[in-house]
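Next comes query-v5.pdb, a file with PDB, C-alpha atoms, pLDDT in the B column.
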```
MODEL        1
ATOM      1  CA  MET A  11     -22.671   7.872  -1.124  1.00 40.00           C
ATOM      2  CA  ASN A  12     -24.177   4.425  -1.602  1.00 71.00           C
ATOM      3  CA  GLU A  13     -25.034   2.178   1.337  1.00 78.00           C
ATOM      4  CA  ILE A  14     -22.390  -0.462   0.635  1.00 78.00           C
ATOM      5  CA  ASN A  15     -19.696   2.172   0.448  1.00 79.00           C
ATOM      6  CA  GLN A  16     -21.088   3.764   3.617  1.00 80.00           C
ATOM      7  CA  LEU A  17     -20.754   0.434   5.383  1.00 78.00           C
ATOM      8  CA  TYR A  18     -17.208   0.066   4.067  1.00 84.00           C
ATOM      9  CA  GLN A  19     -16.225   3.583   5.134  1.00 82.00           C
ATOM     10  CA  LYS A  20     -17.488   2.871   8.648  1.00 82.00           C
ATOM     11  CA  HIS A  21     -15.301  -0.221   8.701  1.00 84.00           C
ATOM     12  CA  VAL A  22     -12.272   1.745   7.464  1.00 83.00           C
ATOM     13  CA  GLU A  23     -12.763   4.266  10.277  1.00 82.00           C
ATOM     14  CA  HIS A  24     -12.868   1.386  12.751  1.00 79.00           C
ATOM     15  CA  GLU A  25      -9.678  -0.159  11.315  1.00 82.00           C
ATOM     16  CA  LEU A  26      -7.887   3.191  11.412  1.00 78.00           C
ATOM     17  CA  THR A  27      -8.669   3.642  15.089  1.00 77.00           C
ATOM     18  CA  LEU A  28      -7.276   0.157  15.778  1.00 74.00           C
ATOM     19  CA  SER A  29      -4.029   0.684  13.891  1.00 69.00           C
ATOM     20  CA  GLN A  30      -2.427   4.082  14.263  1.00 60.00           C
ATOM     21  CA  THR A  31       0.853   3.155  12.536  1.00 55.00           C
ATOM     22  CA  LYS A  32       2.253   4.785   9.428  1.00 49.00           C
ATOM     23  CA  GLU A  33       3.016   1.435   7.781  1.00 53.00           C
ATOM     24  CA  ASN A  34      -0.598   1.245   6.570  1.00 53.00           C
ATOM     25  CA  ALA A  35       0.487   2.987   3.357  1.00 55.00           C
ATOM     26  CA  LEU A  36       2.239  -0.183   2.171  1.00 61.00           C
ATOM     27  CA  LEU A  37       0.514  -3.252   0.826  1.00 72.00           C
ATOM     28  CA  HIS A  38       1.421  -6.196   3.037  1.00 83.00           C
ATOM     29  CA  LYS A  39       0.590  -9.239   0.939  1.00 89.00           C
ATOM     30  CA  ASP A  40       1.169 -11.582   3.896  1.00 91.00           C
ATOM     31  CA  LYS A  41      -1.406  -9.691   5.947  1.00 92.00           C
ATOM     32  CA  VAL A  42      -3.898  -9.784   3.062  1.00 94.00           C
ATOM     33  CA  GLU A  43      -3.400 -13.527   2.724  1.00 95.00           C
ATOM     34  CA  ILE A  44      -3.892 -14.101   6.464  1.00 96.00           C
ATOM     35  CA  LYS A  45      -7.092 -12.056   6.416  1.00 96.00           C
ATOM     36  CA  ILE A  46      -8.296 -13.982   3.363  1.00 97.00           C
ATOM     37  CA  LEU A  47      -7.687 -17.210   5.274  1.00 97.00           C
ATOM     38  CA  ALA A  48      -9.596 -15.794   8.265  1.00 98.00           C
ATOM     39  CA  PHE A  49     -12.460 -14.823   5.950  1.00 98.00           C
ATOM     40  CA  LEU A  50     -12.553 -18.293   4.398  1.00 98.00           C
ATOM     41  CA  SER A  51     -12.770 -19.739   7.901  1.00 98.00           C
ATOM     42  CA  ASP A  52     -15.694 -17.399   8.653  1.00 98.00           C
ATOM     43  CA  LEU A  53     -17.309 -18.343   5.344  1.00 98.00           C
ATOM     44  CA  GLY A  54     -17.025 -22.014   6.267  1.00 97.00           C
ATOM     45  CA  ASN A  55     -18.779 -21.207   9.529  1.00 97.00           C
ATOM     46  CA  VAL A  56     -21.604 -19.512   7.596  1.00 97.00           C
ATOM     47  CA  ALA A  57     -21.903 -22.585   5.367  1.00 96.00           C
ATOM     48  CA  ASP A  58     -21.965 -24.817   8.428  1.00 93.00           C
ATOM     49  CA  GLN A  59     -24.629 -22.666  10.129  1.00 94.00           C
ATOM     50  CA  SER A  60     -26.747 -22.671   6.956  1.00 94.00           C
ATOM     51  CA  GLN A  61     -26.678 -26.471   6.882  1.00 90.00           C
ATOM     52  CA  CYS A  62     -26.825 -26.311   3.091  1.00 89.00           C
ATOM     53  CA  PHE A  63     -24.702 -29.433   2.875  1.00 82.00           C
ATOM     54  CA  SER A  64     -26.239 -31.410   5.719  1.00 72.00           C
ATOM     55  CA  PHE A  65     -26.472 -34.964   4.448  1.00 70.00           C
ATOM     56  CA  TRP A  66     -27.528 -36.744   7.604  1.00 68.00           C
ATOM     57  CA  ASP A  67     -29.887 -34.472   9.490  1.00 69.00           C
ATOM     58  CA  LYS A  68     -32.164 -32.986   6.853  1.00 66.00           C
ATOM     59  CA  TYR A  69     -34.614 -31.718   9.470  1.00 67.00           C
ATOM     60  CA  ALA A  70     -32.197 -29.785  11.670  1.00 74.00           C
ATOM     61  CA  LYS A  71     -33.463 -26.291  12.343  1.00 83.00           C
ATOM     62  CA  VAL A  72     -31.282 -23.422  11.184  1.00 86.00           C
ATOM     63  CA  ASP A  73     -30.898 -20.747  13.868  1.00 92.00           C
ATOM     64  CA  SER A  74     -31.327 -17.564  11.809  1.00 92.00           C
ATOM     65  CA  ASN A  75     -29.764 -15.346  14.496  1.00 92.00           C
ATOM     66  CA  GLU A  76     -26.606 -17.469  14.639  1.00 95.00           C
ATOM     67  CA  LEU A  77     -26.523 -17.626  10.856  1.00 96.00           C
ATOM     68  CA  LYS A  78     -26.804 -13.845  10.569  1.00 95.00           C
ATOM     69  CA  GLU A  79     -24.120 -13.353  13.230  1.00 94.00           C
ATOM     70  CA  ALA A  80     -21.768 -15.719  11.377  1.00 97.00           C
ATOM     71  CA  TYR A  81     -22.510 -13.882   8.118  1.00 97.00           C
ATOM     72  CA  ILE A  82     -21.740 -10.493   9.714  1.00 96.00           C
ATOM     73  CA  ASN A  83     -18.472 -11.841  11.142  1.00 96.00           C
ATOM     74  CA  GLY A  84     -17.509 -12.870   7.626  1.00 97.00           C
ATOM     75  CA  LEU A  85     -18.505  -9.472   6.281  1.00 96.00           C
ATOM     76  CA  GLN A  86     -16.307  -7.736   8.836  1.00 95.00           C
ATOM     77  CA  MET A  87     -13.321  -9.833   7.789  1.00 97.00           C
ATOM     78  CA  LEU A  88     -14.014  -9.316   4.080  1.00 97.00           C
ATOM     79  CA  LEU A  89     -14.175  -5.557   4.639  1.00 95.00           C
ATOM     80  CA  SER A  90     -10.911  -5.842   6.547  1.00 95.00           C
ATOM     81  CA  VAL A  91      -9.355  -7.465   3.479  1.00 96.00           C
ATOM     82  CA  GLY A  92     -10.424  -4.368   1.514  1.00 94.00           C
ATOM     83  CA  PHE A  93      -8.777  -2.163   4.116  1.00 93.00           C
ATOM     84  CA  GLU A  94      -5.507  -4.071   3.676  1.00 93.00           C
ATOM     85  CA  LEU A  95      -5.816  -3.721  -0.104  1.00 93.00           C
ATOM     86  CA  HIS A  96      -6.221   0.063   0.375  1.00 90.00           C
ATOM     87  CA  VAL A  97      -9.609   0.128  -1.332  1.00 91.00           C
ATOM     88  CA  ASP A  98     -10.895   3.716  -1.277  1.00 88.00           C
ATOM     89  CA  ALA A  99     -14.564   3.123  -2.027  1.00 87.00           C
ATOM     90  CA  LEU A 100     -16.937   0.393  -3.159  1.00 86.00           C
ATOM     91  CA  LYS A 101     -19.227   0.598  -6.153  1.00 83.00           C
ATOM     92  CA  ASN A 102     -22.963   0.574  -5.634  1.00 77.00           C
ATOM     93  CA  GLN A 103     -24.787  -2.564  -6.632  1.00 68.00           C
ATOM     94  CA  ILE A 104     -28.008  -2.191  -8.528  1.00 58.00           C
ATOM     95  CA  GLN A 105     -29.223  -5.779  -8.321  1.00 64.00           C
ATOM     96  CA  LEU A 106     -27.747  -8.837  -6.686  1.00 65.00           C
ATOM     97  CA  GLU A 107     -27.488 -11.968  -8.788  1.00 64.00           C
ATOM     98  CA  ASN A 108     -29.317 -14.756  -7.035  1.00 73.00           C
ATOM     99  CA  ASN A 109     -29.847 -17.519  -9.587  1.00 88.00           C
ATOM    100  CA  LEU A 110     -27.325 -20.048  -8.218  1.00 92.00           C
ATOM    101  CA  SER A 111     -28.102 -22.733  -5.674  1.00 94.00           C
ATOM    102  CA  LEU A 112     -26.912 -21.978  -2.152  1.00 94.00           C
ATOM    103  CA  PRO A 113     -23.953 -24.422  -2.277  1.00 95.00           C
ATOM    104  CA  LYS A 114     -22.887 -23.022  -5.664  1.00 95.00           C
ATOM    105  CA  GLN A 115     -23.084 -19.462  -4.309  1.00 96.00           C
ATOM    106  CA  PHE A 116     -20.785 -20.454  -1.418  1.00 97.00           C
ATOM    107  CA  LEU A 117     -18.328 -21.933  -3.914  1.00 97.00           C
ATOM    108  CA  LYS A 118     -18.522 -18.792  -6.048  1.00 97.00           C
ATOM    109  CA  VAL A 119     -17.595 -16.671  -3.024  1.00 97.00           C
ATOM    110  CA  TYR A 120     -14.669 -19.000  -2.229  1.00 98.00           C
ATOM    111  CA  GLU A 121     -13.421 -18.773  -5.816  1.00 97.00           C
ATOM    112  CA  SER A 122     -13.720 -14.999  -6.050  1.00 97.00           C
ATOM    113  CA  VAL A 123     -11.942 -14.456  -2.724  1.00 98.00           C
ATOM    114  CA  LEU A 124      -9.127 -16.832  -3.637  1.00 97.00           C
ATOM    115  CA  LYS A 125      -8.637 -14.830  -6.839  1.00 97.00           C
ATOM    116  CA  ILE A 126      -7.863 -11.747  -4.706  1.00 96.00           C
ATOM    117  CA  GLN A 127      -4.944 -13.658  -3.226  1.00 92.00           C
ATOM    118  CA  THR A 128      -3.280 -13.911  -6.624  1.00 93.00           C
ATOM    119  CA  THR A 129      -4.180 -10.537  -8.159  1.00 94.00           C
ATOM    120  CA  PHE A 130      -4.555  -8.125  -5.220  1.00 94.00           C
ATOM    121  CA  ASN A 131      -6.681  -5.871  -7.415  1.00 93.00           C
ATOM    122  CA  PHE A 132      -9.832  -3.842  -6.853  1.00 94.00           C
ATOM    123  CA  GLU A 133     -12.021  -5.514  -9.477  1.00 94.00           C
ATOM    124  CA  ASP A 134     -11.555  -8.930  -7.914  1.00 96.00           C
ATOM    125  CA  TYR A 135     -12.241  -7.495  -4.475  1.00 96.00           C
ATOM    126  CA  GLN A 136     -15.408  -5.747  -5.726  1.00 94.00           C
ATOM    127  CA  ASN A 137     -16.566  -9.028  -7.301  1.00 94.00           C
ATOM    128  CA  SER A 138     -16.019 -10.784  -3.966  1.00 96.00           C
ATOM    129  CA  ILE A 139     -18.087  -8.176  -2.146  1.00 94.00           C
ATOM    130  CA  GLU A 140     -20.890  -8.553  -4.693  1.00 92.00           C
ATOM    131  CA  ASP A 141     -20.746 -12.342  -4.430  1.00 94.00           C
ATOM    132  CA  TYR A 142     -20.865 -12.167  -0.638  1.00 95.00           C
ATOM    133  CA  PHE A 143     -23.890  -9.855  -0.649  1.00 93.00           C
ATOM    134  CA  SER A 144     -25.541 -12.188  -3.175  1.00 93.00           C
ATOM    135  CA  LEU A 145     -24.900 -14.993  -0.717  1.00 96.00           C
ATOM    136  CA  GLY A 146     -26.557 -12.934   2.014  1.00 95.00           C
ATOM    137  CA  ALA A 147     -29.598 -12.454  -0.208  1.00 92.00           C
ATOM    138  CA  LYS A 148     -29.632 -16.191  -0.942  1.00 94.00           C
ATOM    139  CA  LEU A 149     -29.590 -16.828   2.824  1.00 96.00           C
ATOM    140  CA  GLY A 150     -32.670 -14.614   3.148  1.00 93.00           C
ATOM    141  CA  PHE A 151     -31.037 -11.436   4.466  1.00 93.00           C
ATOM    142  CA  SER A 152     -32.099  -8.153   2.967  1.00 88.00           C
ATOM    143  CA  PHE A 153     -29.469  -5.482   2.534  1.00 84.00           C
ATOM    144  CA  GLU A 154     -31.274  -3.451   5.206  1.00 86.00           C
ATOM    145  CA  ASP A 155     -30.988  -6.388   7.664  1.00 88.00           C
ATOM    146  CA  ILE A 156     -27.284  -6.735   6.941  1.00 88.00           C
ATOM    147  CA  LEU A 157     -26.682  -3.001   7.295  1.00 86.00           C
ATOM    148  CA  ALA A 158     -28.627  -2.773  10.570  1.00 87.00           C
ATOM    149  CA  GLN A 159     -26.859  -5.805  12.064  1.00 86.00           C
ATOM    150  CA  TYR A 160     -23.454  -4.549  10.948  1.00 84.00           C
ATOM    151  CA  GLN A 161     -24.038  -1.091  12.392  1.00 81.00           C
ATOM    152  CA  HIS A 162     -25.189  -2.698  15.632  1.00 80.00           C
ATOM    153  CA  THR A 163     -21.757  -4.287  16.013  1.00 74.00           C
ATOM    154  CA  PHE A 164     -20.106  -0.854  16.226  1.00 62.00           C
ATOM    155  CA  ARG A 165     -22.321   0.504  18.980  1.00 59.00           C
TER     156      ARG A 165
ENDMDL
END
```
Could I get this structure in the form of structure tokens?
Amino acid sequence: MNEINQLYQKHVEHELTLSQTKENALLHKDKVEIKILAFLSDLGNVADQSQCFSFWDKYAKVDSNELKEAYINGLQMLLSVGFELHVDALKNQIQLENNLSLPKQFLKVYESVLKIQTTFNFEDYQNSIEDYFSLGAKLGFSFEDILAQYQHTFR
């Protein structure tokens, strides 16, 4: 099992313990949309913490711990979107694309997540996951850092 799927499976286990109802078998588009909105809010917080669009205070120091925490919060919500979509497993990523500027990578994540809202399909969700991990790499987080921080949240 690949590490990204391992992380996702851990999240699914967590979601299942939180919701013990039988209605989880149905796709609730309203719930998916609300979680997408929550993710976009988290993503905006990551962008704000990164200060990638700071026009006035170019010398403000980015707090890497707060940035990583905001990123992990977004990851949790994005994984929760996958849970609502009934995603069984995530594909392994061989290499993360990292050739866009940081603001363009944020916009790419926004676009790919908004596409889920209209299609509700696995490929669009997988693309969003890949884009979000590419954003993490662009922010300077290794996959090992992300995995360790995410696992720390469940202890």
**OP:** Please provide as a list in words all residues within 9 Å of stretch 45-58 of chain A, with the sequence filter that same-chain residues fewer than 6 positions apart are discarded (counting only C-alpha atoms).
**Re:**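 The neighbour list is Ser64, Glu76, Leu77, Lys78, Glu79, Ala80, Tyr81, Asn83, Gly84, Leu85, Gln86, Met87, Leu88, Ser90, Val91, Glu94, Pro113, Phe116, Val119, Tyr120, Val123, Leu124, Ile126 and Gln127 of chain A.
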Subject >> Two-atom distance - atom CA of A:Ala99, atom CA of A:Ile14 (Å) >> reply: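 Result for atom CA of A:Ala99 versus atom CA of A:Ile14: 9.0 Å, one decimal.
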**OP:** Mind giving me the straight-line distance from atom CA of A:Leu26 to atom CA of A:Leu89 in Å, one decimal?
**Re:**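 According to the coordinates, atom CA of A:Leu26 and atom CA of A:Leu89 are separated by 12.7 Å.
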Subject >> Result set, the PyMOL selection byres ((chain A and resi 17) around 10) on current file, as a VMD selection string >> reply: chain A and resid 12 to 16 18 to 22 86 89 100 156 to 158 160 to 161
**OP:** Record the distance separating atom CA of A:Val42 and atom CA of A:Phe132, expressed in Å with one decimal.
**Re:** 13.0 Å
Given the PyMOL selection byres ((chain A and resi 133) around 12), the residues it picks as a compact mmCIF listing (two decimals) with C-alpha atoms, in the frame of the given file:
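After the write, out-v8.txt holds the following:
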```
# COMPACT_ATOMS: atom_id res chain seq x y z
CA GLY A 92 -10.42 -4.37 1.51
CA LEU A 95 -5.82 -3.72 -0.10
CA VAL A 97 -9.61 0.13 -1.33
CA ALA A 99 -14.56 3.12 -2.03
CA LEU A 100 -16.94 0.39 -3.16
CA LYS A 101 -19.23 0.60 -6.15
CA SER A 122 -13.72 -15.00 -6.05
CA VAL A 123 -11.94 -14.46 -2.72
CA LYS A 125 -8.64 -14.83 -6.84
CA ILE A 126 -7.86 -11.75 -4.71
CA THR A 129 -4.18 -10.54 -8.16
CA PHE A 130 -4.56 -8.12 -5.22
CA ASN A 131 -6.68 -5.87 -7.42
CA PHE A 132 -9.83 -3.84 -6.85
CA ASP A 134 -11.56 -8.93 -7.91
CA TYR A 135 -12.24 -7.50 -4.47
CA GLN A 136 -15.41 -5.75 -5.73
CA ASN A 137 -16.57 -9.03 -7.30
CA SER A 138 -16.02 -10.78 -3.97
CA ILE A 139 -18.09 -8.18 -2.15
CA GLU A 140 -20.89 -8.55 -4.69
```
